[in-house]
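Data file: protein_13.tsv. Format and content: TSV, C-alpha atoms.
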chain	number	residue	atom	x	y	z
W	1	MET	CA	-1.77	-21.15	-4.34
W	2	CYS	CA	-4.35	-19.23	-2.29
W	3	VAL	CA	-3.08	-20.50	1.06
W	4	LEU	CA	0.65	-19.99	0.45
W	5	PRO	CA	0.59	-16.14	0.36
W	6	LEU	CA	-1.58	-16.12	3.49
W	7	LEU	CA	0.94	-18.35	5.28
W	8	LEU	CA	3.81	-16.09	4.22
W	9	VAL	CA	1.93	-13.02	5.48
W	10	ALA	CA	1.18	-14.84	8.75
W	11	VAL	CA	4.88	-15.57	9.23
W	12	VAL	CA	5.77	-11.92	8.62
W	13	ALA	CA	3.00	-10.82	11.01
W	14	VAL	CA	4.35	-13.06	13.77
W	15	GLN	CA	7.85	-11.73	13.21
W	16	HIS	CA	6.57	-8.14	13.51
W	17	ARG	CA	3.90	-8.73	16.14
W	18	SER	CA	5.14	-5.82	18.27
W	19	VAL	CA	4.51	-3.39	15.38
W	20	LEU	CA	1.07	-4.91	14.84
W	21	ALA	CA	0.22	-4.56	18.52
W	22	GLU	CA	1.31	-0.92	18.47
W	23	GLY	CA	-0.74	-0.38	15.31
W	24	PHE	CA	-3.87	-1.78	16.97
W	25	GLY	CA	-3.24	0.59	19.86
W	26	HIS	CA	-3.23	3.59	17.50
W	27	LEU	CA	-6.75	2.72	16.26
W	28	ALA	CA	-8.21	4.18	19.47
W	29	THR	CA	-6.91	7.64	18.45
W	30	ALA	CA	-8.81	7.75	15.14
W	31	ARG	CA	-10.91	10.86	14.49
W	32	TRP	CA	-14.44	9.82	13.52
W	33	PRO	CA	-15.36	12.59	11.01
W	34	TRP	CA	-12.54	11.45	8.74
W	35	LEU	CA	-13.60	7.81	9.14
W	36	LEU	CA	-17.21	8.66	8.25
W	37	ALA	CA	-15.99	10.43	5.11
W	38	ALA	CA	-13.92	7.34	4.26
W	39	ALA	CA	-17.02	5.18	4.72
W	40	GLY	CA	-18.90	7.46	2.32
W	41	ALA	CA	-16.13	7.10	-0.28
W	42	THR	CA	-16.29	3.32	0.16
W	43	CYS	CA	-20.04	3.30	-0.52
W	44	LEU	CA	-19.48	5.32	-3.68
W	45	THR	CA	-17.09	2.66	-4.99
W	46	TRP	CA	-20.07	0.32	-5.45
W	47	VAL	CA	-21.82	3.02	-7.49
W	48	ALA	CA	-18.69	3.46	-9.62
W	49	ALA	CA	-18.47	-0.31	-10.16
W	50	ALA	CA	-22.14	-0.40	-11.19
W	51	CYS	CA	-21.55	2.43	-13.70
W	52	THR	CA	-18.59	0.56	-15.20
W	53	ARG	CA	-20.58	-2.68	-15.45
W	54	GLN	CA	-23.44	-0.86	-17.20
W	55	GLY	CA	-21.02	0.84	-19.54
W	56	ALA	CA	-19.65	-2.54	-20.65
W	57	VAL	CA	-22.97	-3.63	-22.23
W	58	VAL	CA	-25.32	-1.94	-24.67
W	59	GLU	CA	-28.55	-3.18	-23.04
W	60	ARG	CA	-29.88	-1.31	-20.02
W	61	LEU	CA	-29.48	-3.38	-16.85
W	62	PRO	CA	-31.89	-3.00	-13.89
W	63	ARG	CA	-30.23	-0.28	-11.82
W	64	ARG	CA	-31.17	-1.33	-8.31
W	65	ARG	CA	-30.36	-4.97	-8.92
W	66	LEU	CA	-27.10	-3.98	-10.59
W	67	LEU	CA	-26.06	-1.89	-7.57
W	68	ALA	CA	-27.08	-4.64	-5.14
W	69	THR	CA	-25.09	-7.13	-7.19
W	70	GLN	CA	-21.93	-5.03	-6.87
W	71	PHE	CA	-22.36	-4.95	-3.09
W	72	ALA	CA	-22.88	-8.72	-3.01
W	73	ALA	CA	-19.95	-9.31	-5.37
W	74	GLY	CA	-17.63	-7.79	-2.76
W	75	ALA	CA	-18.48	-10.65	-0.39
W	76	ALA	CA	-18.13	-13.28	-3.12
W	77	ASN	CA	-14.75	-11.81	-4.00
W	78	HIS	CA	-13.36	-13.10	-0.70
W	79	LEU	CA	-14.20	-16.72	-1.50
W	80	LEU	CA	-12.17	-17.06	-4.71
W	81	PRO	CA	-8.77	-15.63	-5.69
W	82	THR	CA	-7.96	-12.61	-7.85
W	83	GLY	CA	-11.47	-11.26	-8.33
W	84	LEU	CA	-12.98	-14.52	-9.57
W	85	GLY	CA	-15.83	-14.37	-7.05
W	86	ALA	CA	-17.03	-10.95	-8.19
W	87	SER	CA	-16.61	-11.96	-11.84
W	88	ALA	CA	-18.72	-15.10	-11.32
W	89	VAL	CA	-21.52	-13.11	-9.62
W	90	ASN	CA	-21.61	-10.48	-12.36
W	91	LEU	CA	-21.43	-13.07	-15.13
W	92	ARG	CA	-24.41	-14.87	-13.64
W	93	PHE	CA	-26.29	-11.58	-13.21
W	94	MET	CA	-25.85	-10.64	-16.88
W	95	THR	CA	-26.95	-14.06	-18.12
W	96	VAL	CA	-30.05	-13.91	-15.91
W	97	CYS	CA	-30.78	-10.49	-17.43
W	98	GLY	CA	-30.93	-12.19	-20.83
W	99	LEU	CA	-27.47	-11.60	-22.29
W	100	PRO	CA	-25.97	-14.65	-24.05
W	101	LEU	CA	-23.04	-16.23	-22.25
W	102	ALA	CA	-20.58	-15.21	-24.98
W	103	ARG	CA	-21.59	-11.55	-24.79
W	104	SER	CA	-21.68	-11.61	-20.99
W	105	SER	CA	-18.13	-12.97	-20.96
W	106	ALA	CA	-17.05	-10.29	-23.45
W	107	ALA	CA	-18.62	-7.57	-21.28
W	108	LEU	CA	-16.84	-8.98	-18.24
W	109	ALA	CA	-13.51	-8.91	-20.08
W	110	LEU	CA	-14.16	-5.32	-21.19
W	111	TYR	CA	-14.90	-4.32	-17.58
W	112	LEU	CA	-11.70	-5.95	-16.30
W	113	LEU	CA	-9.68	-4.26	-19.04
W	114	ALA	CA	-11.21	-0.84	-18.34
W	115	GLU	CA	-10.68	-1.23	-14.57
W	116	SER	CA	-7.02	-2.20	-15.05
W	117	VAL	CA	-6.38	0.60	-17.55
W	118	GLY	CA	-8.12	3.12	-15.29
W	119	ARG	CA	-6.04	2.12	-12.27
W	120	VAL	CA	-2.74	2.21	-14.14
W	121	ALA	CA	-3.67	5.48	-15.90
W	122	LEU	CA	-4.53	7.13	-12.59
W	123	LEU	CA	-1.24	5.93	-11.10
W	124	GLY	CA	0.64	7.28	-14.11
W	125	ALA	CA	-1.13	10.64	-13.93
W	126	LEU	CA	-0.26	11.01	-10.24
W	127	LEU	CA	3.36	10.07	-10.86
W	128	MET	CA	3.56	12.70	-13.60
W	129	ALA	CA	1.91	15.34	-11.40
W	130	PHE	CA	3.96	14.44	-8.32
W	131	PRO	CA	7.31	13.02	-9.48
W	132	GLY	CA	9.33	11.28	-6.83
W	133	THR	CA	6.36	10.04	-4.83
W	134	LEU	CA	7.13	6.38	-5.63
W	135	ARG	CA	10.55	5.12	-4.58
W	136	LEU	CA	10.93	1.65	-6.03
W	137	GLY	CA	14.25	1.16	-4.30
W	138	ALA	CA	12.47	1.13	-0.95
W	139	LEU	CA	9.73	-1.22	-2.16
W	140	LEU	CA	11.72	-3.84	-4.08
W	141	PRO	CA	14.57	-5.93	-2.68
W	142	GLU	CA	17.96	-5.41	-4.26
W	143	GLY	CA	18.29	-7.37	-7.49
W	144	ALA	CA	14.55	-8.06	-7.79
W	145	VAL	CA	13.90	-5.89	-10.84
W	146	GLY	CA	15.66	-8.25	-13.25
W	147	PRO	CA	13.73	-11.40	-12.24
W	148	LEU	CA	10.46	-9.44	-12.31
W	149	LEU	CA	11.14	-8.31	-15.88
W	150	VAL	CA	12.03	-11.88	-16.87
W	151	VAL	CA	8.76	-13.18	-15.42
W	152	ALA	CA	6.78	-10.37	-17.07
W	153	GLY	CA	8.26	-11.30	-20.44
W	154	ALA	CA	7.97	-15.06	-19.93
W	155	VAL	CA	4.23	-15.07	-19.19
W	156	PRO	CA	3.08	-13.74	-22.61
W	157	ALA	CA	5.70	-15.89	-24.35
W	158	VAL	CA	4.38	-19.05	-22.67
W	159	ALA	CA	0.78	-18.06	-23.45
W	160	ALA	CA	1.66	-17.51	-27.12
W	161	GLY	CA	3.40	-20.89	-27.23
W	162	VAL	CA	0.40	-22.69	-25.75
W	163	LEU	CA	-1.92	-21.04	-28.28
W	164	ALA	CA	0.39	-22.02	-31.13
W	165	LEU	CA	0.51	-25.66	-30.01
W	166	VAL	CA	-3.20	-26.15	-29.23
W	167	PRO	CA	-5.36	-25.38	-32.31
W	168	ARG	CA	-8.71	-25.87	-30.54
W	169	LEU	CA	-7.73	-23.43	-27.82
W	170	ARG	CA	-6.50	-20.97	-30.45
W	171	ALA	CA	-9.84	-21.20	-32.27
W	172	ALA	CA	-11.78	-20.66	-29.02
W	173	VAL	CA	-9.66	-17.62	-28.11
W	174	ALA	CA	-10.07	-16.17	-31.61
W	175	SER	CA	-13.84	-16.58	-31.42
W	176	PHE	CA	-13.94	-14.93	-28.02
W	177	LEU	CA	-11.81	-12.02	-29.23
W	178	ARG	CA	-14.13	-11.44	-32.19
W	179	THR	CA	-17.12	-11.32	-29.84
W	180	ALA	CA	-15.28	-9.04	-27.40
W	181	LEU	CA	-14.20	-6.63	-30.15
W	182	GLY	CA	-17.72	-6.49	-31.52
W	183	GLU	CA	-19.09	-5.75	-28.05
W	184	ALA	CA	-16.46	-3.04	-27.49
W	185	ARG	CA	-17.35	-1.36	-30.82
W	186	SER	CA	-21.05	-1.41	-29.95
W	187	VAL	CA	-20.43	0.10	-26.51
W	188	HIS	CA	-18.15	2.84	-27.80
W	189	GLY	CA	-20.69	3.66	-30.50
W	190	ARG	CA	-22.92	4.99	-27.72
W	191	PRO	CA	-21.32	7.96	-25.91
W	192	ALA	CA	-23.36	7.42	-22.73
W	193	ARG	CA	-22.09	3.84	-22.40
W	194	ALA	CA	-18.48	4.82	-23.13
W	195	LEU	CA	-18.67	7.59	-20.53
W	196	ALA	CA	-20.08	5.21	-17.93
W	197	LEU	CA	-17.42	2.60	-18.72
W	198	TRP	CA	-14.35	4.80	-18.56
W	199	GLY	CA	-15.70	7.29	-16.02
W	200	GLY	CA	-16.50	4.48	-13.62
W	201	ALA	CA	-13.15	2.80	-14.31
W	202	LEU	CA	-11.33	5.97	-13.24
W	203	ALA	CA	-13.67	6.82	-10.37
W	204	PHE	CA	-13.39	3.38	-8.74
W	205	PRO	CA	-9.64	3.44	-7.90
W	206	ALA	CA	-9.81	7.18	-7.19
W	207	LEU	CA	-12.49	6.59	-4.55
W	208	GLN	CA	-10.53	3.69	-3.07
W	209	ALA	CA	-7.41	5.83	-2.84
W	210	SER	CA	-9.47	8.67	-1.33
W	211	ALA	CA	-10.75	6.32	1.36
W	212	LEU	CA	-7.18	5.43	2.31
W	213	VAL	CA	-6.19	9.11	2.39
W	214	LEU	CA	-9.15	9.90	4.66
W	215	VAL	CA	-8.27	7.04	7.00
W	216	GLY	CA	-4.69	8.28	7.05
W	217	ARG	CA	-5.90	11.75	8.01
W	218	SER	CA	-8.06	10.29	10.79
W	219	LEU	CA	-5.00	8.66	12.36
W	220	GLY	CA	-2.60	11.54	11.72
W	221	LEU	CA	-0.31	9.70	9.29
W	222	PRO	CA	2.43	12.25	8.40
W	223	VAL	CA	2.39	11.46	4.67
W	224	PRO	CA	1.07	13.84	1.96
W	225	ALA	CA	-2.25	12.84	0.41
W	226	ALA	CA	-0.73	12.39	-3.07
W	227	HIS	CA	1.92	10.05	-1.64
W	228	MET	CA	-0.74	7.96	0.10
W	229	ALA	CA	-2.79	7.72	-3.10
W	230	VAL	CA	0.26	6.67	-5.11
W	231	ALA	CA	1.22	4.14	-2.42
W	232	TYR	CA	-2.26	2.61	-2.58
W	233	LEU	CA	-2.41	2.41	-6.38
W	234	ALA	CA	1.13	1.03	-6.64
W	235	ALA	CA	0.47	-1.58	-3.95
W	236	THR	CA	-2.78	-2.78	-5.52
W	237	VAL	CA	-1.22	-2.97	-8.98
W	238	ALA	CA	1.70	-4.95	-7.54
W	239	VAL	CA	-0.48	-7.51	-5.74
W	240	ALA	CA	-2.95	-7.98	-8.61
W	241	LEU	CA	-1.22	-11.24	-9.60
W	242	VAL	CA	-1.08	-12.67	-6.06
W	243	PRO	CA	-3.86	-15.30	-5.92
W	244	THR	CA	-5.29	-14.59	-2.47
W	245	PRO	CA	-9.07	-14.24	-2.02
W	246	GLY	CA	-9.87	-10.53	-2.04
W	247	GLY	CA	-6.17	-9.75	-1.71
W	248	ILE	CA	-6.37	-10.69	1.99
W	249	GLY	CA	-2.90	-10.55	3.49
W	250	SER	CA	-1.07	-9.47	0.36
W	251	VAL	CA	-2.79	-6.07	0.10
W	252	GLU	CA	-2.22	-5.33	3.78
W	253	ALA	CA	1.47	-6.22	3.58
W	254	ALA	CA	2.04	-4.25	0.37
W	255	LEU	CA	0.20	-1.20	1.71
W	256	VAL	CA	2.19	-1.11	4.94
W	257	VAL	CA	5.46	-1.37	3.01
W	258	ALA	CA	4.37	1.33	0.54
W	259	LEU	CA	3.26	3.75	3.27
W	260	VAL	CA	6.46	3.22	5.25
W	261	ALA	CA	8.46	3.78	2.05
W	262	ALA	CA	6.51	7.04	1.57
W	263	GLY	CA	7.76	8.25	4.96
W	264	GLY	CA	5.15	7.08	7.45
W	265	PRO	CA	6.06	5.54	10.83
W	266	ALA	CA	5.61	1.76	10.79
W	267	ALA	CA	3.13	1.63	13.69
W	268	VAL	CA	0.91	4.43	12.35
W	269	ALA	CA	1.06	3.02	8.80
W	270	THR	CA	0.00	-0.37	10.18
W	271	ALA	CA	-2.91	1.23	12.04
W	272	VAL	CA	-4.01	3.06	8.87
W	273	VAL	CA	-3.97	-0.14	6.81
W	274	LEU	CA	-5.84	-2.08	9.51
W	275	ALA	CA	-8.53	0.61	9.76
W	276	PHE	CA	-8.77	0.94	5.97
W	277	ARG	CA	-9.22	-2.79	5.42
W	278	LEU	CA	-11.66	-3.03	8.32
W	279	LEU	CA	-13.76	-0.27	6.78
W	280	THR	CA	-13.61	-1.43	3.17
W	281	VAL	CA	-13.49	-5.23	3.55
W	282	TRP	CA	-14.48	-6.66	6.91
W	283	LEU	CA	-17.42	-4.46	7.94
W	284	PRO	CA	-19.26	-4.85	4.59
W	285	LEU	CA	-18.53	-8.59	4.48
W	286	LEU	CA	-21.50	-9.88	6.51
W	287	PRO	CA	-24.17	-7.60	4.96
W	288	GLY	CA	-22.65	-8.34	1.55
W	289	ALA	CA	-22.94	-12.08	2.16
W	290	LEU	CA	-26.56	-11.67	3.29
W	291	THR	CA	-27.29	-9.61	0.16
W	292	LEU	CA	-25.65	-12.30	-1.97
W	293	ALA	CA	-27.83	-14.98	-0.37
W	294	ALA	CA	-30.96	-12.85	-0.89
W	295	LEU	CA	-30.12	-12.25	-4.57
W	296	VAL	CA	-29.61	-15.98	-5.11
W	297	ARG	CA	-32.91	-16.71	-3.40
W	298	MET	CA	-34.70	-14.12	-5.55
W	299	ARG	CA	-33.06	-15.63	-8.66
W	300	VAL	CA	-31.40	-12.32	-9.51
W	301	ILE	CA	-28.14	-14.27	-9.86
Can the structure in the file be given as structure tokens, please?
Amino acid sequence: MCVLPLLLVAVVAVQHRSVLAEGFGHLATARWPWLLAAAGATCLTWVAAACTRQGAVVERLPRRRLLATQFAAGAANHLLPTGLGASAVNLRFMTVCGLPLARSSAALALYLLAESVGRVALLGALLMAFPGTLRLGALLPEGAVGPLLVVAGAVPAVAAGVLALVPRLRAAVASFLRTALGEARSVHGRPARALALWGGALAFPALQASALVLVGRSLGLPVPAAHMAVAYLAATVAVALVPTPGGIGSVEAALVVALVAAGGPAAVATAVVLAFRLLTVWLPLLPGALTLAALVRMRVI
């Protein structure tokens, strides 16, 4: 499942290799002040993630180790699909800090819920403030809306059927939900924790979208900032269910399509996506992996 999307993206890349080559050529024209600002926004995303993680638990976590763990989780996220690497690192970190496994899992679920709600809420707010910025007709093939709605309705129906047929699984899910709800009530009973949880959940996608906008400005992409932000949020929401490690391949493809649909030239949009992913994914990968190894050695995770 992880390899198939990468193979599909590779096929598309070979078919459009001339556009990719032109996009790589545009990277030489990037203006460095904008790129440095984008790098600063990228660094702040780790702070936002740390705030959200702290807001998901009542106990105070060690701040420096928590921040270092978020940096290391970015590297682990590229080993397993759909955010499982980062979730595993943070789950281990919380258990090492003394939280029981059940509560650590509940805090992880609360973080994932807050991050998803924050991303969708930010996308909705931008669409309300700037109507017409997202043109689904240009992003979805003709006739694709119906099958997507069928799949979206079938997934919860199948899950409900499995729970109804497997009593032990139903009991385990019910126990987990009770723990998660209790943890959520405890967190929201402390205003500082609730502010950290939801403030970080909104700041994280906002900073990611800002980084893309800044990269777009550095390369002169003729697309308004609001349209670029909406394109980023819509693309990342759309590829959330694609099981590629760190969204490699799927995010790039979706972002290029979204930026072209927003009115950007294909070559410049490709250059923007390449520079954005280089800045936010590939450059931090090696130091993140080294940090991950150091944290494991120090028994922080």
Go through segment 142-245 of chain W and flag each residue having an atom no more than 12 Å from segment 90-112 of chain W; for those, report the closest pair of atoms plus their distance in Å to one decimal, using only C-alpha atoms, ordered by chain and rising number, as a tab-separated table.
residue	atom	partner	partner_atom	distance
W:Ala172	CA	W:Ala102	CA	11.1
W:Val173	CA	W:Ala106	CA	11.4
W:Ser175	CA	W:Ala102	CA	9.4
W:Phe176	CA	W:Ala106	CA	7.2
W:Leu177	CA	W:Ala106	CA	8.0
W:Arg178	CA	W:Ala106	CA	9.3
W:Thr179	CA	W:Ala106	CA	6.5
W:Ala180	CA	W:Ala106	CA	4.5
W:Leu181	CA	W:Ala106	CA	8.1
W:Gly182	CA	W:Ala106	CA	8.9
W:Glu183	CA	W:Ala106	CA	6.8
W:Ala184	CA	W:Leu110	CA	7.1
W:Arg185	CA	W:Leu110	CA	10.9
W:Ser186	CA	W:Ala107	CA	10.9
W:Val187	CA	W:Ala107	CA	9.5
W:His188	CA	W:Leu110	CA	11.2
W:Arg193	CA	W:Tyr111	CA	11.9
W:Ala194	CA	W:Leu110	CA	11.2
W:Ala196	CA	W:Tyr111	CA	10.9
W:Leu197	CA	W:Tyr111	CA	7.5
W:Trp198	CA	W:Tyr111	CA	9.2
W:Gly199	CA	W:Tyr111	CA	11.7
W:Gly200	CA	W:Tyr111	CA	9.8
W:Ala201	CA	W:Tyr111	CA	8.0
W:Leu202	CA	W:Tyr111	CA	11.7
W:Phe204	CA	W:Tyr111	CA	11.8
W:Ala240	CA	W:Leu112	CA	11.8
Show me a table, sorted first by chain and then by increasing residue number, of the residues of segment 164-241 of chain W having an atom at most 12 Å from segment 269-285 of chain W, each with its shortest atom pair and the distance in Å to one decimal, counting all atoms listed in the file and written as JSON lines.
{"residue": "W:Leu207", "atom": "CA", "partner": "W:Thr280", "partner_atom": "CA", "distance": 11.2}
{"residue": "W:Gln208", "atom": "CA", "partner": "W:Thr280", "partner_atom": "CA", "distance": 8.6}
{"residue": "W:Ala209", "atom": "CA", "partner": "W:Phe276", "partner_atom": "CA", "distance": 10.2}
{"residue": "W:Ser210", "atom": "CA", "partner": "W:Phe276", "partner_atom": "CA", "distance": 10.7}
{"residue": "W:Ala211", "atom": "CA", "partner": "W:Phe276", "partner_atom": "CA", "distance": 7.4}
{"residue": "W:Leu212", "atom": "CA", "partner": "W:Phe276", "partner_atom": "CA", "distance": 6.0}
{"residue": "W:Val213", "atom": "CA", "partner": "W:Val272", "partner_atom": "CA", "distance": 9.1}
{"residue": "W:Leu214", "atom": "CA", "partner": "W:Phe276", "partner_atom": "CA", "distance": 9.1}
{"residue": "W:Val215", "atom": "CA", "partner": "W:Val272", "partner_atom": "CA", "distance": 6.1}
{"residue": "W:Gly216", "atom": "CA", "partner": "W:Val272", "partner_atom": "CA", "distance": 5.6}
{"residue": "W:Arg217", "atom": "CA", "partner": "W:Val272", "partner_atom": "CA", "distance": 8.9}
{"residue": "W:Ser218", "atom": "CA", "partner": "W:Val272", "partner_atom": "CA", "distance": 8.5}
{"residue": "W:Leu219", "atom": "CA", "partner": "W:Val272", "partner_atom": "CA", "distance": 6.7}
{"residue": "W:Gly220", "atom": "CA", "partner": "W:Val272", "partner_atom": "CA", "distance": 9.1}
{"residue": "W:Leu221", "atom": "CA", "partner": "W:Ala269", "partner_atom": "CA", "distance": 6.8}
{"residue": "W:Pro222", "atom": "CA", "partner": "W:Ala269", "partner_atom": "CA", "distance": 9.3}
{"residue": "W:Val223", "atom": "CA", "partner": "W:Ala269", "partner_atom": "CA", "distance": 9.5}
{"residue": "W:Met228", "atom": "CA", "partner": "W:Ala269", "partner_atom": "CA", "distance": 10.2}
{"residue": "W:Ala231", "atom": "CA", "partner": "W:Ala269", "partner_atom": "CA", "distance": 11.3}
{"residue": "W:Tyr232", "atom": "CA", "partner": "W:Val273", "partner_atom": "CA", "distance": 9.9}
{"residue": "W:Ala235", "atom": "CA", "partner": "W:Val273", "partner_atom": "CA", "distance": 11.7}
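Using all atoms listed in the file, the residues found no farther than 9 Å from Gln54 of chain W, other than those of its own chain fewer than 3 positions away, are W:Ala49, W:Ala50, W:Cys51, W:Val57, W:Val58, W:Glu59, W:Arg60, W:Leu61, W:Arg63, W:Leu66, W:Arg193, W:Ala196, W:Leu197.
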* Polymer residues at most 9 Å from Cys43 of chain W, only C-alpha atoms, same-chain spacing of 4 or more positions, as a VMD selection string -> chain W and resid 38 to 39 47 71 280
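The residues that lie within 10 Å of the point (8.6, 13.1, -2.0), counting only C-alpha atoms, are W:Phe130, W:Pro131, W:Gly132, W:Thr133, W:Leu134, W:Arg135, W:Val223, W:Pro224, W:Ala226, W:His227, W:Ala262, W:Gly263.
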Could those selected residues go to a file with C-alpha atoms, as a JSON list (two decimals), in the frame of the given file?
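This is the output file out22.json:
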[["chain", "number", "residue", "atom", "x", "y", "z"],
["W", 130, "PHE", "CA", 3.96, 14.44, -8.32],
["W", 131, "PRO", "CA", 7.31, 13.02, -9.48],
["W", 132, "GLY", "CA", 9.33, 11.28, -6.83],
["W", 133, "THR", "CA", 6.36, 10.04, -4.83],
["W", 134, "LEU", "CA", 7.13, 6.38, -5.63],
["W", 135, "ARG", "CA", 10.55, 5.12, -4.58],
["W", 223, "VAL", "CA", 2.39, 11.46, 4.67],
["W", 224, "PRO", "CA", 1.07, 13.84, 1.96],
["W", 226, "ALA", "CA", -0.73, 12.39, -3.07],
["W", 227, "HIS", "CA", 1.92, 10.05, -1.64],
["W", 262, "ALA", "CA", 6.51, 7.04, 1.57],
["W", 263, "GLY", "CA", 7.76, 8.25, 4.96]]
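For the pair atom CA of Ala289 of chain W and atom CA of Ala86 of chain W, the interatomic distance is 12.0 Å.
In terms of minimum interatomic distance to Ala75 of chain W, W:Leu290 ranks closest within W:Met128, W:Ala157, W:Leu290, W:Ala30, counting all atoms listed in the file.
For the pair atom CA of Leu195 of chain W and atom CA of Ala129 of chain W, the separation is 23.8 Å.
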Hey, could you pull the box centre and edge lengths for segment 180-190 of chain W, axis-aligned, 5 Å padding per side, all listed atoms, to one decimal in Å, as lines of an AutoDock Vina configuration file?
center_x = -18.6
center_y = -2.0
center_z = -29.0
size_x = 18.7
size_y = 24.0
size_z = 15.0
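Shortest separation to Val117 of chain W among W:Met298, W:Val260, W:Ala293, W:Leu233 occurs at residue W:Leu233, atoms counted being all atoms listed in the file.
Reported to one decimal place, the separation of atom CA of Val296 of chain W from atom CA of Leu67 of chain W is 14.7 Å.
With only C-alpha atoms as the atoms that count, the residue of W:Ala28, W:Ala174, W:Leu255, W:Leu123 with the shortest distance to Ala206 of chain W is W:Leu123.
Closest approach to Ala234 of chain W among W:Ala121, W:Ala56, W:Leu286, W:Val300: W:Ala121, based on only C-alpha atoms.
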* Top pick for closest residue to Gln70 of chain W, considering W:Leu127, W:Ala37, W:Leu44, W:Val120 and counting only C-alpha atoms -> W:Leu44
